[in-house]
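Chemist: Starting off with a structure, shown below.
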Amino acid sequence: MPIGNSPASKGAAVVQTAADIGELVRERRRALALKQTDVAGLGSTGNRFIIELERGKPTVQLQKALDVLSLLGLEVLVRPKAGGQP
């Protein structure tokens with residue numbers, strides 16, 4: 001779940017679902033004044049993939065999603081949860 005009102009501007013978010021990632025991607029894309037078709041073209045992927053990613057489709061291809069995050073200047077950091085419990 002994103003931290004704060006605008007995860008794209010705050011710089012950090014805790015992601016628990018595909019929908020959380022989709023929200024972050026959409027907010028970042030809009031902050032950069034890009035259309036979905038722009039991101040698809042720059043990322044050498046289809047517009048449908050960007051739409052599905054932003055909608056939080058849980059079965060999108062992980063590598064493609066990571067590529068889009070990188071393209072938008074975002075990265076994934078994986079660390080143990082606070083308290084170390086699963």
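Letters for chains follow the order of the structure tokens (A, B, ...), residue numbers begin at 1 for each chain, and ligand numbers begin at 1 in the order shown.
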Could you pull out the residues in chain A that DSSP calls helix (DSSP H, G or I) from the backbone, as a ChimeraX atom specification?
Modeler: /A:7-10,18-31,36-42,47-54,62-71
Chemist: Using only C-alpha atoms, find each residue in segment 20-51 of chain A having at least one atom no more than 10 Å away from segment 61-64 of chain A; report its shortest atom-to-atom pair and that distance in Å (one decimal), rows by chain then rising number, as a tab-separated table.
Modeler:
residue	atom	partner	partner_atom	distance
A:Gly43	CA	A:Lys64	CA	8.7
A:Ser44	CA	A:Lys64	CA	9.6
A:Thr45	CA	A:Lys64	CA	8.0
A:Phe49	CA	A:Lys64	CA	8.6
A:Ile50	CA	A:Lys64	CA	9.6
Chemist: Counting only C-alpha atoms, which of A:Gly22, A:Val68, A:Leu34, A:Ala12 gets nearest to Leu53 of chain A?
Modeler: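 Between A:Gly22, A:Val68, A:Leu34, A:Ala12, the residue approaching Leu53 of chain A most closely is A:Gly22.
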Chemist: Using only C-alpha atoms, which residue out of A:Val76, A:Ala82, A:Ala19, A:Ala40 lies closest to Thr59 of chain A?
Modeler: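 Closest to Thr59 of chain A, using only C-alpha atoms: A:Ala19.
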Chemist: What is the atom CA of Pro58 of chain A to atom CA of Ala31 of chain A distance in Å?
Modeler: 23.7 Å
Chemist: Which residue, A:Lys35, A:Ala13, A:Arg29, A:Glu23, has the smallest gap to Gly73 of chain A when you use only C-alpha atoms?
Modeler: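 Using only C-alpha atoms, the shortest distance to Gly73 of chain A belongs to A:Arg29.
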Chemist: Please list as a PyMOL selection string every residue within 9 Å of Leu71 of chain A, counting only C-alpha atoms and excluding residues in the same chain fewer than 5 positions away.
Modeler: chain A and resi 39+42-43+66
Chemist: Can you pull out every residue within 10 Å of Thr17 of chain A, counting only C-alpha atoms, but drop anything in the same chain fewer than 2 positions away, and send it as an mmCIF file with C-alpha atoms, in the first residue's frame?
Modeler:
data_model
loop_
_atom_site.group_PDB
_atom_site.id
_atom_site.type_symbol
_atom_site.label_atom_id
_atom_site.label_comp_id
_atom_site.auth_asym_id
_atom_site.auth_seq_id
_atom_site.Cartn_x
_atom_site.Cartn_y
_atom_site.Cartn_z
ATOM 1 C CA MET A 1 0.000 0.000 0.000
ATOM 2 C CA VAL A 14 5.233 -0.271 0.610
ATOM 3 C CA VAL A 15 3.742 -2.484 -2.080
ATOM 4 C CA ALA A 19 -2.839 -2.888 -7.761
ATOM 5 C CA ASP A 20 -0.369 -0.951 -5.580
ATOM 6 C CA ILE A 21 2.277 -1.233 -8.304
ATOM 7 C CA GLY A 22 -0.257 -0.203 -10.922
ATOM 8 C CA GLY A 56 -3.137 -4.027 -11.266
ATOM 9 C CA LYS A 57 -3.502 -7.239 -13.242
ATOM 10 C CA PRO A 58 -1.767 -9.790 -10.996
#
Chemist: So the first atom is atom CA of Gly84 of chain A and the second is atom CA of Gly11 of chain A; what is the distance between them in Å, to one decimal place?
Modeler: 23.4 Å
